[in-house]
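Student: What follows is the file run.cif, containing mmCIF, C-alpha atoms and all ligand atoms:
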data_final
loop_
_atom_site.group_PDB
_atom_site.id
_atom_site.type_symbol
_atom_site.label_atom_id
_atom_site.label_comp_id
_atom_site.auth_asym_id
_atom_site.auth_seq_id
_atom_site.Cartn_x
_atom_site.Cartn_y
_atom_site.Cartn_z
ATOM 1 C CA MET A 161 -46.454 1.022 27.526
ATOM 2 C CA GLU A 162 -44.886 4.091 29.174
ATOM 3 C CA THR A 163 -41.110 4.525 29.263
ATOM 4 C CA ASP A 164 -41.157 4.410 33.083
ATOM 5 C CA GLU A 165 -42.807 1.013 32.995
ATOM 6 C CA ILE A 166 -40.165 -0.364 30.638
ATOM 7 C CA MET A 167 -37.400 0.938 32.891
ATOM 8 C CA THR A 168 -38.827 -0.816 35.922
ATOM 9 C CA GLU A 169 -38.774 -4.144 34.060
ATOM 10 C CA VAL A 170 -35.020 -4.062 33.407
ATOM 11 C CA ASN A 171 -33.128 -6.517 35.604
ATOM 12 C CA THR A 172 -30.015 -4.769 36.882
ATOM 13 C CA GLU A 173 -28.733 -7.671 38.941
ATOM 14 C CA GLU A 174 -25.485 -9.344 37.902
ATOM 15 C CA PRO A 175 -26.227 -12.698 36.240
ATOM 16 C CA VAL A 176 -25.230 -15.660 38.363
ATOM 17 C CA ILE A 177 -22.939 -17.887 36.299
ATOM 18 C CA GLU A 178 -22.485 -21.299 37.753
ATOM 19 C CA LYS A 179 -18.816 -22.234 37.650
ATOM 20 C CA ILE A 180 -18.374 -25.708 36.267
ATOM 21 C CA PRO A 181 -15.232 -27.474 37.501
ATOM 22 C CA ASP A 182 -12.442 -27.521 34.915
ATOM 23 C CA GLU A 183 -12.173 -31.295 34.958
ATOM 24 C CA ASP A 184 -15.557 -31.453 33.230
ATOM 25 C CA TYR A 185 -13.931 -29.935 30.144
ATOM 26 C CA GLU A 186 -11.396 -31.292 27.737
ATOM 27 C CA LEU A 187 -9.293 -28.503 26.222
ATOM 28 C CA VAL A 188 -9.399 -29.133 22.474
ATOM 29 C CA TYR A 189 -8.055 -25.832 21.165
ATOM 30 C CA LYS A 190 -6.253 -22.735 22.328
ATOM 31 C CA LYS A 191 -4.667 -19.768 20.631
ATOM 32 C CA PRO A 192 -0.939 -20.222 20.036
ATOM 33 C CA SER A 193 1.076 -18.397 22.681
ATOM 34 C CA ALA A 194 3.188 -16.690 19.999
ATOM 35 C CA LEU A 195 0.121 -14.889 18.625
ATOM 36 C CA LEU A 196 -0.461 -11.569 20.397
ATOM 37 C CA GLU A 197 -3.859 -10.556 21.786
ATOM 38 C CA THR A 198 -4.017 -7.519 19.459
ATOM 39 C CA PRO A 199 -7.198 -7.522 17.338
ATOM 40 C CA MET A 200 -6.220 -8.032 13.702
ATOM 41 C CA HIS A 201 -7.162 -5.524 11.032
ATOM 42 C CA TYR A 202 -7.828 -8.193 8.400
ATOM 43 C CA CYS A 203 -11.288 -8.395 6.835
ATOM 44 C CA PRO A 204 -13.529 -11.194 8.143
ATOM 45 C CA GLY A 205 -12.637 -14.511 6.509
ATOM 46 C CA CYS A 206 -9.273 -13.327 5.165
ATOM 47 C CA ALA A 207 -6.623 -16.014 4.781
ATOM 48 C CA HIS A 208 -3.879 -13.798 6.216
ATOM 49 C CA ALA A 209 -5.268 -14.164 9.747
ATOM 50 C CA LEU A 210 -5.517 -17.929 9.420
ATOM 51 C CA VAL A 211 -1.978 -18.281 8.053
ATOM 52 C CA HIS A 212 -0.625 -16.099 10.882
ATOM 53 C CA LYS A 213 -2.229 -18.469 13.347
ATOM 54 C CA LEU A 214 -0.864 -21.590 11.619
ATOM 55 C CA LEU A 215 2.613 -20.120 11.481
ATOM 56 C CA MET A 216 2.585 -19.292 15.181
ATOM 57 C CA GLU A 217 1.288 -22.773 16.001
ATOM 58 C CA VAL A 218 4.312 -24.165 14.165
ATOM 59 C CA VAL A 219 6.643 -21.746 15.987
ATOM 60 C CA GLU A 220 5.148 -22.841 19.296
ATOM 61 C CA GLU A 221 5.373 -26.555 18.459
ATOM 62 C CA LEU A 222 8.993 -26.260 17.299
ATOM 63 C CA ASP A 223 9.715 -24.107 20.379
ATOM 64 C CA ILE A 224 11.567 -21.488 18.315
ATOM 65 C CA GLN A 225 9.806 -18.282 19.378
ATOM 66 C CA ASP A 226 13.105 -16.657 20.402
ATOM 67 C CA LYS A 227 15.027 -18.143 17.458
ATOM 68 C CA ILE A 228 12.979 -16.897 14.517
ATOM 69 C CA VAL A 229 12.951 -13.602 12.616
ATOM 70 C CA GLY A 230 10.194 -12.675 10.183
ATOM 71 C CA VAL A 231 10.280 -10.098 7.406
ATOM 72 C CA ALA A 232 6.950 -8.337 6.887
ATOM 73 C CA PRO A 233 5.886 -7.105 3.438
ATOM 74 C CA VAL A 234 3.989 -4.127 2.185
ATOM 75 C CA GLY A 235 0.451 -5.203 1.443
ATOM 76 C CA CYS A 236 -2.393 -6.223 3.716
ATOM 77 C CA ALA A 237 0.097 -8.146 5.901
ATOM 78 C CA VAL A 238 2.140 -5.005 6.552
ATOM 79 C CA PHE A 239 1.143 -5.094 10.210
ATOM 80 C CA ALA A 240 2.167 -8.746 10.712
ATOM 81 C CA TYR A 241 4.695 -7.545 13.281
ATOM 82 C CA ASP A 242 1.807 -6.313 15.453
ATOM 83 C CA TYR A 243 0.348 -9.799 15.700
ATOM 84 C CA LEU A 244 3.309 -12.160 15.773
ATOM 85 C CA ASP A 245 5.182 -12.228 19.062
ATOM 86 C CA ILE A 246 8.577 -12.828 17.472
ATOM 87 C CA ASP A 247 11.386 -10.631 16.146
ATOM 88 C CA MET A 248 10.228 -8.939 12.948
ATOM 89 C CA GLN A 249 11.723 -6.615 10.373
ATOM 90 C CA GLU A 250 9.652 -4.562 7.929
ATOM 91 C CA ALA A 251 10.798 -4.416 4.293
ATOM 92 C CA ALA A 252 9.851 -1.958 1.580
ATOM 93 C CA HIS A 253 7.390 -3.265 -1.016
ATOM 94 C CA GLY A 254 8.962 -6.228 -2.820
ATOM 95 C CA ARG A 255 12.262 -6.133 -0.991
ATOM 96 C CA ALA A 256 11.567 -8.812 1.632
ATOM 97 C CA CYS A 257 13.860 -11.440 0.079
ATOM 98 C CA ALA A 258 16.749 -8.965 -0.050
ATOM 99 C CA VAL A 259 16.192 -8.035 3.597
ATOM 100 C CA ALA A 260 15.874 -11.685 4.632
ATOM 101 C CA THR A 261 19.135 -12.442 2.844
ATOM 102 C CA GLY A 262 20.904 -9.932 5.068
ATOM 103 C CA VAL A 263 19.180 -11.100 8.240
ATOM 104 C CA ARG A 264 19.936 -14.789 7.681
ATOM 105 C CA ARG A 265 23.543 -14.151 6.666
ATOM 106 C CA ILE A 266 24.183 -12.028 9.757
ATOM 107 C CA LEU A 267 22.233 -14.362 12.054
ATOM 108 C CA PRO A 268 22.877 -17.832 10.603
ATOM 109 C CA ASP A 269 21.578 -19.559 13.751
ATOM 110 C CA LYS A 270 18.142 -17.992 13.429
ATOM 111 C CA TYR A 271 15.177 -19.286 11.486
ATOM 112 C CA VAL A 272 14.228 -16.594 8.982
ATOM 113 C CA PHE A 273 11.113 -16.217 6.851
ATOM 114 C CA THR A 274 9.517 -13.654 4.587
ATOM 115 C CA TYR A 275 5.771 -13.244 4.429
ATOM 116 C CA GLN A 276 4.686 -11.775 1.093
ATOM 117 C CA GLY A 277 1.647 -11.230 -1.068
ATOM 118 C CA ASP A 278 1.539 -11.824 -4.797
ATOM 119 C CA GLY A 279 1.942 -8.141 -5.614
ATOM 120 C CA ASP A 280 4.916 -7.942 -3.294
ATOM 121 C CA LEU A 281 6.605 -11.173 -4.373
ATOM 122 C CA ALA A 282 5.608 -11.644 -8.000
ATOM 123 C CA ALA A 283 5.369 -8.054 -9.277
ATOM 124 C CA ILE A 284 7.585 -5.415 -7.707
ATOM 125 C CA GLY A 285 9.737 -8.038 -5.953
ATOM 126 C CA THR A 286 10.240 -10.487 -8.849
ATOM 127 C CA ALA A 287 13.951 -9.728 -9.149
ATOM 128 C CA GLU A 288 14.656 -10.082 -5.427
ATOM 129 C CA THR A 289 12.673 -13.314 -5.266
ATOM 130 C CA ILE A 290 14.383 -14.960 -8.237
ATOM 131 C CA HIS A 291 17.892 -13.911 -7.284
ATOM 132 C CA ALA A 292 17.558 -14.852 -3.615
ATOM 133 C CA ILE A 293 16.358 -18.317 -4.609
ATOM 134 C CA ASN A 294 19.003 -18.590 -7.315
ATOM 135 C CA ARG A 295 21.612 -17.906 -4.636
ATOM 136 C CA GLY A 296 20.006 -20.608 -2.503
ATOM 137 C CA GLU A 297 19.545 -18.297 0.470
ATOM 138 C CA ASN A 298 18.590 -20.309 3.515
ATOM 139 C CA PHE A 299 15.260 -18.867 4.477
ATOM 140 C CA LEU A 300 11.614 -19.624 4.020
ATOM 141 C CA ILE A 301 9.404 -17.616 1.703
ATOM 142 C CA ILE A 302 5.719 -17.677 2.622
ATOM 143 C CA PHE A 303 3.860 -16.514 -0.451
ATOM 144 C CA ILE A 304 0.190 -15.603 -0.041
ATOM 145 C CA ASN A 305 -1.397 -15.659 -3.475
ATOM 146 C CA ASN A 306 -4.824 -14.013 -3.412
ATOM 147 C CA ALA A 307 -4.716 -13.035 -7.087
ATOM 148 C CA VAL A 308 -5.047 -9.282 -6.432
ATOM 149 C CA TYR A 309 -3.399 -6.313 -4.812
ATOM 150 C CA GLY A 310 -5.579 -6.562 -1.727
ATOM 151 C CA MET A 311 -4.381 -3.592 0.266
ATOM 152 C CA THR A 312 -4.674 -1.031 -2.499
ATOM 153 C CA SER A 313 -8.264 -2.042 -3.401
ATOM 154 C CA GLY A 314 -8.015 -5.018 -5.667
ATOM 155 C CA GLN A 315 -5.983 -4.141 -8.725
ATOM 156 C CA MET A 316 -4.867 -6.888 -11.120
ATOM 157 C CA ALA A 317 -1.797 -8.774 -9.923
ATOM 158 C CA PRO A 318 0.525 -10.978 -11.981
ATOM 159 C CA THR A 319 -1.384 -13.942 -10.518
ATOM 160 C CA THR A 320 -4.886 -12.699 -11.443
ATOM 161 C CA LEU A 321 -6.768 -15.469 -13.259
ATOM 162 C CA LEU A 322 -7.775 -15.138 -16.899
ATOM 163 C CA GLY A 323 -11.278 -13.713 -17.021
ATOM 164 C CA MET A 324 -11.095 -12.438 -13.438
ATOM 165 C CA LYS A 325 -12.503 -8.970 -12.911
ATOM 166 C CA THR A 326 -10.431 -6.565 -10.853
ATOM 167 C CA THR A 327 -10.452 -2.797 -10.489
ATOM 168 C CA THR A 328 -7.867 -2.532 -13.292
ATOM 169 C CA SER A 329 -9.327 -5.319 -15.444
ATOM 170 C CA PRO A 330 -13.035 -4.493 -15.068
ATOM 171 C CA TYR A 331 -14.019 -6.638 -18.061
ATOM 172 C CA GLY A 332 -11.887 -9.562 -16.961
ATOM 173 C CA ARG A 333 -8.203 -10.315 -17.527
ATOM 174 C CA THR A 334 -7.337 -11.314 -21.061
ATOM 175 C CA ALA A 335 -4.059 -12.918 -22.098
ATOM 176 C CA GLU A 336 -3.810 -10.476 -24.960
ATOM 177 C CA GLY A 337 -2.378 -7.275 -23.596
ATOM 178 C CA MET A 338 -2.449 -8.379 -19.931
ATOM 179 C CA GLY A 339 -0.496 -11.620 -20.147
ATOM 180 C CA TYR A 340 -1.118 -14.933 -18.474
ATOM 181 C CA PRO A 341 -1.276 -15.603 -14.724
ATOM 182 C CA LEU A 342 2.335 -15.833 -13.612
ATOM 183 C CA LYS A 343 3.279 -19.187 -12.120
ATOM 184 C CA ILE A 344 6.281 -17.875 -10.305
ATOM 185 C CA THR A 345 6.365 -20.814 -7.921
ATOM 186 C CA GLU A 346 6.809 -23.312 -10.767
ATOM 187 C CA MET A 347 9.342 -20.945 -12.377
ATOM 188 C CA VAL A 348 11.625 -20.707 -9.355
ATOM 189 C CA SER A 349 11.345 -24.423 -8.591
ATOM 190 C CA VAL A 350 13.739 -25.142 -11.487
ATOM 191 C CA LEU A 351 16.487 -23.043 -9.903
ATOM 192 C CA PRO A 352 19.179 -25.140 -8.212
ATOM 193 C CA GLY A 353 18.978 -22.919 -5.116
ATOM 194 C CA ALA A 354 15.360 -23.943 -4.489
ATOM 195 C CA PHE A 355 15.266 -26.764 -1.961
ATOM 196 C CA TYR A 356 11.601 -27.278 -1.148
ATOM 197 C CA VAL A 357 8.764 -25.768 -3.151
ATOM 198 C CA THR A 358 5.111 -26.476 -2.565
ATOM 199 C CA ARG A 359 1.694 -24.943 -3.189
ATOM 200 C CA GLN A 360 -1.030 -25.327 -0.611
ATOM 201 C CA ALA A 361 -4.352 -23.604 0.127
ATOM 202 C CA VAL A 362 -6.296 -22.744 3.244
ATOM 203 C CA ASN A 363 -9.635 -23.346 1.537
ATOM 204 C CA ASN A 364 -10.889 -26.205 3.725
ATOM 205 C CA PRO A 365 -9.847 -28.172 6.851
ATOM 206 C CA THR A 366 -7.635 -30.582 4.878
ATOM 207 C CA GLY A 367 -5.931 -27.666 3.166
ATOM 208 C CA VAL A 368 -5.341 -25.957 6.502
ATOM 209 C CA ARG A 369 -3.717 -29.093 7.934
ATOM 210 C CA LYS A 370 -1.523 -29.573 4.844
ATOM 211 C CA THR A 371 -0.479 -25.928 4.883
ATOM 212 C CA LYS A 372 0.583 -26.217 8.498
ATOM 213 C CA LYS A 373 2.577 -29.352 7.708
ATOM 214 C CA ALA A 374 4.292 -27.590 4.796
ATOM 215 C CA LEU A 375 5.275 -24.660 7.026
ATOM 216 C CA MET A 376 6.556 -27.079 9.649
ATOM 217 C CA ASN A 377 8.668 -29.011 7.115
ATOM 218 C CA ALA A 378 10.034 -25.844 5.534
ATOM 219 C CA LEU A 379 11.248 -24.499 8.866
ATOM 220 C CA LYS A 380 12.843 -27.829 9.765
ATOM 221 C CA TYR A 381 14.652 -27.870 6.405
ATOM 222 C CA GLN A 382 16.144 -24.465 7.116
ATOM 223 C CA LYS A 383 18.470 -25.957 9.709
ATOM 224 C CA LEU A 384 20.029 -28.073 6.943
ATOM 225 C CA ASN A 385 21.243 -24.946 5.078
ATOM 226 C CA LYS A 386 20.462 -26.545 1.738
ATOM 227 C CA GLY A 387 18.692 -23.676 0.022
ATOM 228 C CA THR A 388 15.493 -21.688 -0.154
ATOM 229 C CA CYS A 389 12.098 -23.093 0.775
ATOM 230 C CA LEU A 390 8.997 -21.589 -0.776
ATOM 231 C CA VAL A 391 5.509 -22.320 0.487
ATOM 232 C CA GLU A 392 2.876 -20.732 -1.720
ATOM 233 C CA ILE A 393 -0.519 -20.575 -0.068
ATOM 234 C CA LEU A 394 -3.601 -19.834 -2.118
ATOM 235 C CA GLY A 395 -5.370 -17.237 -0.046
ATOM 236 C CA ASN A 396 -8.491 -15.203 -0.675
ATOM 237 C CA CYS A 397 -9.614 -11.620 -0.647
ATOM 238 C CA PRO A 398 -13.354 -11.681 0.003
ATOM 239 C CA SER A 399 -13.528 -7.873 0.161
ATOM 240 C CA ASN A 400 -11.996 -7.172 -3.232
ATOM 241 C CA TRP A 401 -13.361 -10.310 -4.838
ATOM 242 C CA LYS A 402 -16.781 -9.046 -3.667
ATOM 243 C CA MET A 403 -17.658 -12.416 -2.197
ATOM 244 C CA THR A 404 -18.607 -13.757 1.189
ATOM 245 C CA PRO A 405 -15.801 -15.623 2.943
ATOM 246 C CA ILE A 406 -17.432 -18.965 2.073
ATOM 247 C CA GLU A 407 -17.917 -18.001 -1.583
ATOM 248 C CA SER A 408 -14.271 -16.966 -1.691
ATOM 249 C CA MET A 409 -13.160 -20.351 -0.336
ATOM 250 C CA ASP A 410 -15.274 -22.048 -3.027
ATOM 251 C CA PHE A 411 -13.644 -19.807 -5.629
ATOM 252 C CA VAL A 412 -10.212 -20.974 -4.482
ATOM 253 C CA THR A 413 -11.341 -24.611 -4.683
ATOM 254 C CA ASN A 414 -13.176 -24.412 -7.989
ATOM 255 C CA GLU A 415 -11.279 -21.752 -9.933
ATOM 256 C CA MET A 416 -7.886 -20.837 -8.514
ATOM 257 C CA THR A 417 -6.656 -24.411 -8.272
ATOM 258 C CA LYS A 418 -7.265 -24.895 -12.023
ATOM 259 C CA THR A 419 -4.536 -22.349 -12.762
ATOM 260 C CA PHE A 420 -2.510 -22.966 -9.617
ATOM 261 C CA PRO A 421 -2.714 -26.714 -8.901
ATOM 262 C CA LEU A 422 -2.012 -27.762 -5.338
ATOM 263 C CA GLY A 423 0.801 -30.040 -4.268
ATOM 264 C CA ASP A 424 4.536 -30.355 -3.868
ATOM 265 C CA ILE A 425 6.560 -29.025 -6.787
ATOM 266 C CA LYS A 426 10.088 -29.747 -5.578
ATOM 267 C CA LEU A 427 10.839 -32.122 -2.742
ATOM 268 C CA PRO A 428 14.120 -32.936 -1.005
ATOM 269 C CA LYS A 429 15.284 -36.455 -1.771
ATOM 270 C CA GLY A 430 17.586 -39.149 -0.491
ATOM 271 C CA GLU A 431 20.058 -38.003 2.135
ATOM 272 C CA ASP A 432 18.256 -34.688 2.582
ATOM 273 C CA LEU A 433 15.007 -36.433 3.359
ATOM 274 C CA LYS A 434 16.823 -38.586 5.900
ATOM 275 C CA LEU A 435 18.176 -35.445 7.498
ATOM 276 C CA LEU A 436 14.686 -33.992 7.786
ATOM 277 C CA ASN A 437 13.453 -37.118 9.490
ATOM 278 C CA GLU A 438 16.310 -36.909 11.966
ATOM 279 C CA GLU A 439 15.676 -33.187 12.537
ATOM 280 C CA GLY A 440 11.983 -33.811 12.957
ATOM 281 C CA LYS A 441 12.390 -36.399 15.701
HETATM 282 C C1 LIG B 1 7.376 0.977 -3.815
HETATM 283 C C2 LIG B 1 5.892 0.860 -3.641
HETATM 284 N N1 LIG B 1 5.109 0.714 -4.725
HETATM 285 C C3 LIG B 1 3.768 0.577 -4.573
HETATM 286 C C4 LIG B 1 3.206 0.617 -3.329
HETATM 287 C C5 LIG B 1 1.717 0.508 -3.195
HETATM 288 N N2 LIG B 1 1.279 -0.789 -2.723
HETATM 289 C C6 LIG B 1 1.053 -1.036 -1.419
HETATM 290 S S1 LIG B 1 0.496 -2.574 -1.131
HETATM 291 C C7 LIG B 1 0.539 -2.939 -2.790
HETATM 292 C C8 LIG B 1 0.098 -4.271 -3.314
HETATM 293 C C9 LIG B 1 -0.164 -5.295 -2.283
HETATM 294 O O1 LIG B 1 -0.598 -6.475 -2.870
HETATM 295 P P1 LIG B 1 -0.060 -7.875 -2.397
HETATM 296 O O2 LIG B 1 1.403 -7.851 -2.265
HETATM 297 O O3 LIG B 1 -0.648 -8.912 -3.278
HETATM 298 O O4 LIG B 1 -0.635 -8.019 -0.906
HETATM 299 P P2 LIG B 1 -2.141 -8.226 -0.409
HETATM 300 O O5 LIG B 1 -2.569 -6.881 0.067
HETATM 301 O O6 LIG B 1 -2.947 -8.743 -1.538
HETATM 302 O O7 LIG B 1 -2.005 -9.207 0.705
HETATM 303 C C10 LIG B 1 0.998 -1.864 -3.525
HETATM 304 C C11 LIG B 1 1.138 -1.847 -4.993
HETATM 305 C C12 LIG B 1 4.063 0.771 -2.217
HETATM 306 N N3 LIG B 1 3.577 0.773 -0.976
HETATM 307 N N4 LIG B 1 5.381 0.903 -2.389
HETATM 308 S S1 LIG B 2 -8.448 -6.509 1.541
HETATM 309 FE FE1 LIG B 2 -8.390 -8.694 1.038
HETATM 310 S S2 LIG B 2 -6.313 -9.435 1.550
HETATM 311 FE FE2 LIG B 2 -6.668 -7.446 2.573
HETATM 312 S S3 LIG B 2 -7.414 -7.963 4.619
HETATM 313 FE FE3 LIG B 2 -9.202 -7.612 3.334
HETATM 314 S S4 LIG B 2 -9.719 -9.670 2.558
HETATM 315 FE FE4 LIG B 2 -7.625 -9.777 3.354
HETATM 316 MG MG MG B 3 -2.311 -10.103 -3.057
#
Would you write out, as structure tokens, the structure that this file holds?
Tutor:
Amino acid sequence: METDEIMTEVNTEEPVIEKIPDEDYELVYKKPSALLETPMHYCPGCAHALVHKLLMEVVEELDIQDKIVGVAPVGCAVFAYDYLDIDMQEAAHGRACAVATGVRRILPDKYVFTYQGDGDLAAIGTAETIHAINRGENFLIIFINNAVYGMTSGQMAPTTLLGMKTTTSPYGRTAEGMGYPLKITEMVSVLPGAFYVTRQAVNNPTGVRKTKKALMNALKYQKLNKGTCLVEILGNCPSNWKMTPIESMDFVTNEMTKTFPLGDIKLPKGEDLKLLNEEGK
């Protein structure tokens, strides 16, 4: 067939799309209003994007968009402030808890959270994390544990699993010489300043719902000024793990949870629980 013939077959007319009346549809989902339209830079299937969405759903449902301040980390979530339509402050690598301390002390009526990866929180920022929680600072720490330094191309993190291959442990992490995966969430839960500590995962629909609930509870607790809340979320890094998004979710389910079991680690009790129920009316 000649090129001219092909050209004549192309239909240049605008397609006619029949408009179906809105009442024929039931709206079952929409993007939270606090999430900006900006396309995200995260790799396909990355947990960061999903957690951003959950967090903004919670912000929308609690109606606190103009009452919350986030502290962005250095790591793949460094551009969180481009996606979240709330007040944000950037912190140098590992320093988010120190920055959040200042923000919450100066603005005690605001809800304040940090958003940090495992390299940020459990390596370079270990001191800030431990001391902020030990002081019982009244903010929420959102800790995305994907077991690697995602942004810098997948080096071993303190949370890398034993046997896991990374760019700096190409034969797999061994306890000898490289140490054990650091359970910093369990460690800080014993500090008196820790008020609510939980580990969740966004590896399946149930996990997503539980993670959202944990974020919701943690923000409600902040109004009680009873100490630091820490929500660890087992994330993924399909790019550096060299897996498809689905394989990476299975890896979280089948491997990561063996080292980092899911569930609440420290829960408010008694009077505090009553207060949460009243706050959550
Ligand atoms: C003071 C300082 N040291 C090191 C770096 C390099 N650096 C940037 S991101 C990063 C690790 C990020 O890993 P993580 O916090 O786990 O976040 P992820 O990308 O996995 O979400 C490092 C070491 C830096 N930016 N600043
Ligand atoms: S490198 Fe990993 S953590 Fe970073 S955006 Fe890609 S998948 Fe997510
Ligand atoms: Mg990481």
Student: Run the PyMOL selection byres (((chain A and resi 254) around 12) and not hetatm) on the file and write out the hits as a ChimeraX atom specification.
Tutor: /A:231-235,238,250-253,255-260,274-290,303
Student: Mind telling me what the PyMOL selection byres (((chain A and resi 244) around 7) and not hetatm) catches here, as a list in words?
Tutor: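 Here the PyMOL selection byres (((chain A and resi 244) around 7) and not hetatm) matches Ala194, Leu195, Leu196, Ala240, Tyr241, Asp242, Tyr243, Asp245 and Ile246 of chain A.
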Student: Within 12 Å of ligand LIG 2 (chain B), counting all atoms listed in the file: which residues, as JSON, numbers by chain?
Tutor: {"A": [200, 201, 202, 203, 204, 205, 206, 207, 208, 209, 210, 211, 234, 235, 236, 237, 238, 239, 240, 276, 277, 278, 279, 304, 305, 306, 307, 308, 309, 310, 311, 312, 313, 314, 315, 394, 395, 396, 397, 398, 399, 400, 401, 402, 403, 404, 405, 408, 409]}
Student: Any chance you could resolve the PyMOL selection byres (((chain A and resi 359-376) around 8) and not hetatm) against this file and give the residues as an MDAnalysis selection string?
Tutor: chainID A and resid 207 210:211 214:215 218 345 357:358 377:380 391:395 409:410 412:413 420:425
Student: Kindly indicate which residue among A:Thr334, A:Phe411, A:Ile302, A:Asn385 lies nearest to ligand LIG 1 (chain B), using only C-alpha atoms and all ligand atoms for the distances.
Tutor: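 The shortest atom-to-atom distance to ligand LIG 1 (chain B) comes from A:Ile302.
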Student: What is the CA of Thr319 (chain A)-CA of Glu297 (chain A) distance in Å, reported with one decimal?
Tutor: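 Calculated distance between CA of Thr319 (chain A) and CA of Glu297 (chain A) is 24.0 Å.
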Student: Take CA of Asn294 (chain A) and CA of Gly353 (chain A) and report the distance between them in Å, one decimal.
Tutor: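 Going from CA of Asn294 (chain A) over to CA of Gly353 (chain A), I get 4.9 Å.
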Student: Please define a box with edges along x, y and z of the file around all atoms of region 231-245 of chain A given in the file, extend it by 4 Å on each side, and return its centre and edge lengths in Å to one decimal, as JSON.
Tutor:
{"center_x": 3.9, "center_y": -8.2, "center_z": 10.3, "size_x": 20.7, "size_y": 16.1, "size_z": 25.6}
Student: Rank nothing, just name the residue among A:Ala317, A:Leu351, A:Leu427, A:Ile344 nearest to ligand MG 3 (chain B), using all atoms listed in the file.
Tutor: A:Ala317
Student: With 12 Å as the threshold, what does the neighbourhood of (0.4, -18.4, 25.2) contain in terms of residues, counting only C-alpha atoms? Coordinates are those of the file; answer as a PyMOL selection string.
Tutor: chain A and resi 189-197+216-217+219-221+223+225+244-245
Student: Find the residue from A:Tyr381, A:Val348, A:Pro428, A:Pro318 that sits nearest to ligand LIG 1 (chain B); use all atoms listed in the file when measuring.
Tutor: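 For ligand LIG 1 (chain B), the nearest of the given residues is A:Pro318.
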Student: When you draw a straight line from CA of Lys383 (chain A) to CA of Glu346 (chain A), how long is it in Å?
Tutor: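 Separation of CA of Lys383 (chain A) and CA of Glu346 (chain A): 23.7 Å.
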